[in-house]
Amino acid sequence: MSNTLTASGPAKPAVDFDWKPLLLVPVLALLVLPVIGSPSTWLTLTVAGLAMGMIIFVIASGLTLVFGLMDVLNFGHGVFIALGAFVATTILGVMPGWTASPELWRNLIAVFAAMLVAMAVAGAVGLAFERVLVRPVYGQHLKQILITMGGMIIGEELIKVIWGPQQIPLMLPEGLRGAVIVGDAAIEKFRLLAVLMGGLVFVALAWVLTRTKIGLLIRAGVENSEMVESLGYRIRRLFVAVFVVGSALAGLGGVMWGLYQQTVIPQMGAQVNILIFIVIIIGGLGSTGGALIGALLVGLMANYTGFLAPKVALFSNIALMVAILLWRPRGIYPVANR
Amino acid sequence: MTLNRLLSNDLPRSKLLTAVLLTLFLLLALAPFIAPGVNALSVAAKALIFIVLVASFDLLLGYTGIVSFAHTMFFGIGAYGVAIACSRWDATWLSLGLGIVTALILSLLLALAIGLFSLRVRAIFFAMITLAIASAFQTLASQLSEITGGEDGLNFRLPDMLASGYMYLEQPIFGVSISGRFLTYYILFFAALAMVLALLRIVNSPFGRVLQAIRENEFRAEAIGYRVVVYRTISSVLSALFATMAGVMLALWLRYNGPDTSLSFEIMLDVLLIVVIGGMGTIYGSVIGAVLFVIAQSYLQDLLKLGSDAASGLPWLAALLSPDRWLLWLGVLFVLSVYYFPTGIVGRLRNRAAKL
Amino acid sequence: MSGPLLTLAGVHTHIGAYHILHGVDMAVPRGQLTMLLGRNGAGKTTTLRTIMGLWRASAGMVTFDGQDITQFATPQIARLKVAYVPENMGIFADLTVKENMLLAATKASHARDIDGQRLNWIFGLFPAVEKFWDYPAGKLSGGQKQMLAVARAIVEPRELLIVDEPSKGLAPSIINNMIDAFSQLKAGGVTILLVEQNINFAKRLGDHVAVMDNGRVVHRGSMAAFAEDDALQQSLMGLTL
């Protein structure tokens, strides 16, 4: 080990942060600027990409922790996205007075109410999902993939039973519609809100993971769950908690995604799921920081290619993943022991 | 024994299983005579296509122990290969052949690239990466409408000798007219038979044994000296090539191809379900599962409709039983099979026979 | 109670298809230090993991303090004040030294809640732990990690301390640290079970010895007698001594 500390070394923490991946996002954004040409279009696309990236991060963070902690690959994560979005249509639907109100604070309360209920419902369904589907297949990757995929189909079909199979509009409340004009660029208000919300979720997650004992346990469990058990903690309880929180976050992300797209369809979970997988592979399975960078990259890439070459939008993200994995085969921030 | 050699010494090992397989074999071999109606013959042809598609998937899932969600992509490549070649060029045997060869080469390269890339990085990535690639491919196929016909797909003509209007004999035999359609069915039948026998040969070869050793214990296989990545990649390439041929069979039968016909994720789910129900890691299971499934698919939806109508007093129950929600019940069946029926039909039958 | 703190009676353990332990019988007397010796592959680590519930015994019984713990889950066993340091030390490399210590203190939710007096005593035993308190544990050297691993195991009072190869790859000066630490712990009434390959380390510390071969305990006795009997060592442990 070359960077081992010697006994004579300074007794101050070495700031030895792996900063290179942080450059990826600005580098990508700046590289496409000349390709796009118009700075105002670029700004609009970049904000849209960051907003989309933040939403994807909110969804992916839970999945990556679930994988890291218990080595459980949940193909059914997408169901909670769709569930959250559909719950939001119902909640906003019963609050017409609040969504149509010209007062912004009423609009925001309506949106937050929809988010909270969506998170609660997604979390509760997540608890059941873990009990019924995931728990019996711990440690069996093949069956996990099959079972959770089955769960995804069942969930999607049940959403169709409850809300119908068709696309439903999810309108933004009055005050959140429209755009802010920055120079020549139009930036939709909701995108700014999405960036803000995603940032809040990241800060909250980072705070929990680094400043609380539960967070330490999660990080330690991702690295070596056996040792956490040997220290006297029940990793399964922790895992269930993370699974529920992860599902709730997916529900929240679903609401944001629905508002971002302004429509929801039952298949949205499966569609977003694919982006999420790319994100957690890019980020390094189990790494929250990696998931954030991966999500922002995917969000930007999707918006840039959506503008430049819409037909290959999904392939561009696959190409991005390939490039990252060629650079770091275990993702941006590989987690030890994984 | 010749039969033994033909089956690569992998006998059914259960009397009931043997009987079922023989019955299916005879049913499919004589389908044009037993069920000459257009619909019934299409069900039989679809069964043949699914047998190949599912058996090739089982090579991957059951024998190698890796999950791919891109199997329908290769199925689609086969179907599109024929469709594009025969719709752009004249309906000759040459265009047909060129279409098939191009499709096989494309599948080979794609499977090789995906396998070498994702299996080298981490086996667990394979399922996720194939899901992403398959989805991107499906989007691409529906968007490149100049080549693929987009969402509408492609209708095309095949060489005249395969047309239903082309008569080989003036008089029908046993009431069945010996037409191009008749010939097509038997091309499908013998292609399926040959490919199932080939797959049996593969899984029972030394190569197949190594695949199973990898499935059981990857680290041990690697420690003994097998290059796990190489074996997995070869397995996924072979599986892709057989799936491509299944796609070719589909195009030959339908003379049409579109994204929903060969690329949709629903087909992928069907394949997964059939493998699990038939019995993972048994080629025979794919055969039985495919036939059962195709029959069930054709008639279960009617059954659901009956149930839904009967439950019209209870709107939520009626909604659950609606034939549109057939995927729901498929999903439930799938989850239950993975839990309670992991060895599938063939596993059960063989266990029973072993106990007797 | 004055019987042994930990006993294994006829313990069999399977790992997958492999039968590793073929009926292990041993006892770890209270307040003393027991050395578990044996060739590579004799089943020492599997024995420790079976005691901790990380592998489940397929037959036989593990008793701790008169209680049958054979079917206990690992966290339950740990909460009986049993601390385990695995062979790879189980350090959380992404966490700081402080965070590693905090996790082992089950009752503390912040570093400041850890018993200060005890912590100072640990700092005295292992100065590196104090010196690199805020460093990522992954940056420590092998010896420093081993010290952290043992320090972490004793951050709260323990009944039984189980350590897999504490001397592995350590410089002689650090080995002396370790010996000092184990002696002080023993003096404080902690029962200790160590797996060792290094016979000199074992001789300086052990009260009792159990030697394993082929998944069984083939010799039990006092360390002093074992240390003097070269022929017995030779026959039981081969050329490694």
# chains A, B, ... in the order shown; residues from 1 in each chain; ligands from 1
call {"tool": "closest_atom_pairs", "arguments": {"of": "range 65-182 of chain A", "to": "range 49-69 of chain B", "cutoff": "9 Å", "atoms": "only C-alpha atoms", "output": "CSV"}}
result
residue,atom,partner,partner_atom,distance
A:Leu142,CA,B:Val67,CA,7.0
A:Ile145,CA,B:Val67,CA,7.8
A:Leu146,CA,B:Val67,CA,8.4
call {"tool": "write_last_selection", "arguments": {"atoms": "N, CA and C atoms", "output": "compact mmCIF listing (two decimals), in the first residue's frame"}}
result
# COMPACT_ATOMS: atom_id res chain seq x y z
N LEU A 142 -30.46 -15.15 -8.95
CA LEU A 142 -31.29 -15.54 -10.08
C LEU A 142 -32.77 -15.41 -9.73
N ILE A 145 -33.97 -11.78 -9.24
CA ILE A 145 -34.25 -11.06 -10.48
C ILE A 145 -35.63 -11.48 -11.00
N LEU A 146 -35.88 -12.80 -11.02
CA LEU A 146 -37.14 -13.29 -11.55
C LEU A 146 -38.31 -12.82 -10.70
call {"tool": "select_by_dssp", "arguments": {"residues": "range 45-260 of chain B", "states": "helix (DSSP H, G or I)", "output": "number ranges by chain"}}
result
B: 45-64, 71-88, 93-121, 123-143, 145-148, 150-152, 160-162, 180-203, 206-216, 218-224, 228-254, 259-260
call {"tool": "atom_distance", "arguments": {"atom1": "CA of Phe341 in chain B", "atom2": "CA of Val276 in chain B"}}
result
8.0 Å
call {"tool": "interface_residues", "arguments": {"of": "chain B", "to": "chain A", "cutoff": "6 Å", "atoms": "only C-alpha atoms", "output": "number ranges by chain"}}
result
B: 121, 132, 136, 328, 331, 335
call {"tool": "residues_around", "arguments": {"residues": "Arg120 in chain B", "least_positions_apart": "6", "cutoff": "12 Å", "atoms": "only C-alpha atoms", "output": "MDAnalysis selection string"}}
result
(chainID A and resid 325:326 329:330) or (chainID B and resid 112:114 126 227:233)
call {"tool": "write_last_selection", "arguments": {"atoms": "C-alpha atoms", "output": "PDB file, in the first residue's frame"}}
result
ATOM      1  CA  LEU A 325     -17.079   1.188 -17.132  1.00  0.00           C
ATOM      2  CA  LEU A 326     -14.089   1.108 -19.425  1.00  0.00           C
ATOM      3  CA  PRO A 329     -14.949  -1.241 -14.327  1.00  0.00           C
ATOM      4  CA  ARG A 330     -16.797  -1.206 -11.000  1.00  0.00           C
TER       5      ARG A 330
ATOM      6  CA  LEU B 112     -20.435 -11.165 -28.473  1.00  0.00           C
ATOM      7  CA  ALA B 113     -20.104  -7.472 -27.671  1.00  0.00           C
ATOM      8  CA  ILE B 114     -22.686  -7.547 -24.886  1.00  0.00           C
ATOM      9  CA  PHE B 126     -25.769  -8.717 -17.373  1.00  0.00           C
ATOM     10  CA  ARG B 227     -12.403 -19.287 -18.183  1.00  0.00           C
ATOM     11  CA  VAL B 228     -15.876 -18.494 -16.891  1.00  0.00           C
ATOM     12  CA  VAL B 229     -16.252 -15.355 -19.010  1.00  0.00           C
ATOM     13  CA  VAL B 230     -15.431 -17.243 -22.197  1.00  0.00           C
ATOM     14  CA  TYR B 231     -17.907 -20.025 -21.484  1.00  0.00           C
ATOM     15  CA  ARG B 232     -20.652 -17.621 -20.527  1.00  0.00           C
ATOM     16  CA  THR B 233     -20.062 -15.516 -23.599  1.00  0.00           C
TER      17      THR B 233
END
call {"tool": "closest_residue", "arguments": {"among": "C:Phe123, C:Trp55, C:Phe226, C:Tyr135", "to": "chain A", "atoms": "only C-alpha atoms"}}
result
C:Tyr135
call {"tool": "atom_distance", "arguments": {"atom1": "CA of Ile179 in chain C", "atom2": "CA of Leu194 in chain C"}}
result
11.6 Å
call {"tool": "residues_around", "arguments": {"residues": "Ala104 in chain C", "least_positions_apart": "5", "cutoff": "7 Å", "atoms": "only C-alpha atoms", "output": "list of chain:residue names"}}
result
A:Leu231, C:Arg152, C:Ala153, C:Val155
call {"tool": "residues_around", "arguments": {"residues": "range 156-163 of chain C", "least_positions_apart": "3", "cutoff": "9 Å", "atoms": "only C-alpha atoms", "output": "compact mmCIF listing (two decimals) with N, CA and C atoms, in the first residue's frame"}}
result
# COMPACT_ATOMS: atom_id res chain seq x y z
N LEU C 5 -16.75 -20.98 30.34
CA LEU C 5 -17.64 -19.94 29.81
C LEU C 5 -18.28 -20.41 28.52
N LEU C 6 -17.48 -21.09 27.68
CA LEU C 6 -17.97 -21.50 26.37
C LEU C 6 -17.62 -22.97 26.16
N ARG C 30 -13.28 -19.92 32.03
CA ARG C 30 -13.50 -18.51 32.37
C ARG C 30 -12.23 -17.79 32.76
N GLY C 31 -12.15 -16.55 32.34
CA GLY C 31 -11.08 -15.66 32.80
C GLY C 31 -9.70 -16.08 32.34
N LEU C 48 -14.57 -20.73 14.89
CA LEU C 48 -14.88 -19.40 15.42
C LEU C 48 -16.17 -18.87 14.80
N LEU C 80 -24.47 -10.84 23.89
CA LEU C 80 -24.09 -11.50 25.14
C LEU C 80 -22.69 -11.06 25.56
N LYS C 81 -22.20 -9.99 24.96
CA LYS C 81 -20.86 -9.44 25.23
C LYS C 81 -19.78 -10.37 24.71
N VAL C 82 -20.01 -10.88 23.53
CA VAL C 82 -18.99 -11.65 22.84
C VAL C 82 -18.48 -10.77 21.70
N ALA C 83 -17.17 -10.55 21.65
CA ALA C 83 -16.61 -9.75 20.57
C ALA C 83 -15.78 -10.64 19.67
N TYR C 84 -15.85 -10.37 18.38
CA TYR C 84 -15.17 -11.24 17.41
C TYR C 84 -14.35 -10.38 16.45
N VAL C 85 -13.10 -10.75 16.29
CA VAL C 85 -12.25 -10.08 15.30
C VAL C 85 -11.91 -11.12 14.24
N PRO C 86 -12.45 -10.99 13.03
CA PRO C 86 -12.19 -12.01 12.02
C PRO C 86 -10.77 -11.90 11.49
N GLU C 87 -10.40 -12.89 10.71
CA GLU C 87 -9.04 -12.95 10.19
C GLU C 87 -8.72 -11.73 9.32
N MET C 89 -9.93 -8.92 9.75
CA MET C 89 -10.07 -7.81 10.70
C MET C 89 -11.41 -7.10 10.63
N ALA C 104 -18.87 0.03 17.37
CA ALA C 104 -18.73 -1.08 18.30
C ALA C 104 -19.32 -0.74 19.66
N ALA C 105 -19.44 0.56 19.95
CA ALA C 105 -20.05 0.96 21.21
C ALA C 105 -21.56 1.00 21.01
N THR C 106 -22.22 -0.13 21.28
CA THR C 106 -23.62 -0.26 20.89
C THR C 106 -24.50 0.77 21.57
N ILE C 114 -19.01 7.63 24.20
CA ILE C 114 -18.19 6.47 24.54
C ILE C 114 -17.51 6.72 25.89
N ASP C 115 -17.48 5.69 26.72
CA ASP C 115 -16.86 5.77 28.04
C ASP C 115 -15.42 6.30 27.93
N ARG C 118 -12.43 4.34 29.64
CA ARG C 118 -12.09 3.12 28.93
C ARG C 118 -11.34 3.46 27.63
N VAL C 150 -8.76 -4.88 17.30
CA VAL C 150 -8.83 -5.34 18.68
C VAL C 150 -9.39 -4.23 19.57
N ARG C 152 -11.43 -1.93 18.75
CA ARG C 152 -12.86 -1.84 18.49
C ARG C 152 -13.61 -2.94 19.25
N ALA C 153 -12.98 -4.12 19.30
CA ALA C 153 -13.65 -5.25 19.95
C ALA C 153 -13.81 -5.02 21.44
N PRO C 166 -4.37 -12.89 15.67
CA PRO C 166 -4.01 -11.50 15.96
C PRO C 166 -2.58 -11.15 15.56
N GLY C 189 -10.38 -9.84 33.81
CA GLY C 189 -11.41 -10.86 33.92
C GLY C 189 -12.06 -11.26 32.61
N VAL C 190 -11.51 -10.82 31.49
CA VAL C 190 -12.11 -11.18 30.20
C VAL C 190 -11.60 -12.56 29.77
N THR C 191 -12.50 -13.39 29.29
CA THR C 191 -12.11 -14.68 28.74
C THR C 191 -11.70 -14.48 27.29
N ILE C 192 -10.63 -15.12 26.87
CA ILE C 192 -10.12 -14.87 25.52
C ILE C 192 -9.91 -16.18 24.77
N LEU C 193 -10.31 -16.19 23.51
CA LEU C 193 -10.07 -17.34 22.64
C LEU C 193 -9.35 -16.84 21.39
N LEU C 194 -8.14 -17.33 21.19
CA LEU C 194 -7.37 -16.87 20.04
C LEU C 194 -7.05 -18.04 19.12
N VAL C 195 -7.13 -17.77 17.83
CA VAL C 195 -6.59 -18.73 16.86
C VAL C 195 -5.19 -18.26 16.53
N GLU C 196 -4.25 -19.16 16.53
CA GLU C 196 -2.87 -18.75 16.24
C GLU C 196 -2.14 -19.73 15.34
call {"tool": "interface_residues", "arguments": {"of": "chain C", "to": "chain A", "cutoff": "8 Å", "atoms": "only C-alpha atoms", "output": "list in words"}}
result
Met52, Leu54, Thr74, Pro75, Gln76, Ile77, Ala78, Arg79, Ala83, Tyr84, Gly90, Phe92, Ala93, Asp94, Leu95, Glu99, Leu103, Ala104, Thr106, Ser109, His110, Ala128, Lys131, Phe132, Asp134, Tyr135, Lys139, Leu140 and Ser141 of chain C
call {"tool": "residues_around", "arguments": {"residues": "Leu193 in chain A", "least_positions_apart": "4", "cutoff": "9 Å", "atoms": "only C-alpha atoms", "output": "list in words"}}
result
Ala51, Leu176, Lys189, Met197 and Gly198 of chain A
call {"tool": "write_last_selection", "arguments": {"atoms": "C-alpha atoms", "output": "PDB file, in the first residue's frame"}}
result
ATOM      1  CA  ALA A  51     -33.668  18.537 -13.053  1.00  0.00           C
ATOM      2  CA  LEU A 176     -45.648  26.313 -10.868  1.00  0.00           C
ATOM      3  CA  LYS A 189     -40.176  26.850 -12.905  1.00  0.00           C
ATOM      4  CA  MET A 197     -35.934  19.109  -4.105  1.00  0.00           C
ATOM      5  CA  GLY A 198     -33.307  16.714  -5.404  1.00  0.00           C
TER       6      GLY A 198
END
call {"tool": "residues_around", "arguments": {"residues": "range 76-93 of chain A", "least_positions_apart": "6", "cutoff": "7 Å", "atoms": "only C-alpha atoms", "output": "ChimeraX atom specification"}}
result
/A:63,99,110,114-115,118-119,122,148-149,151-152,155-156,170,247,250-255,258,264,266,268-270,272-273
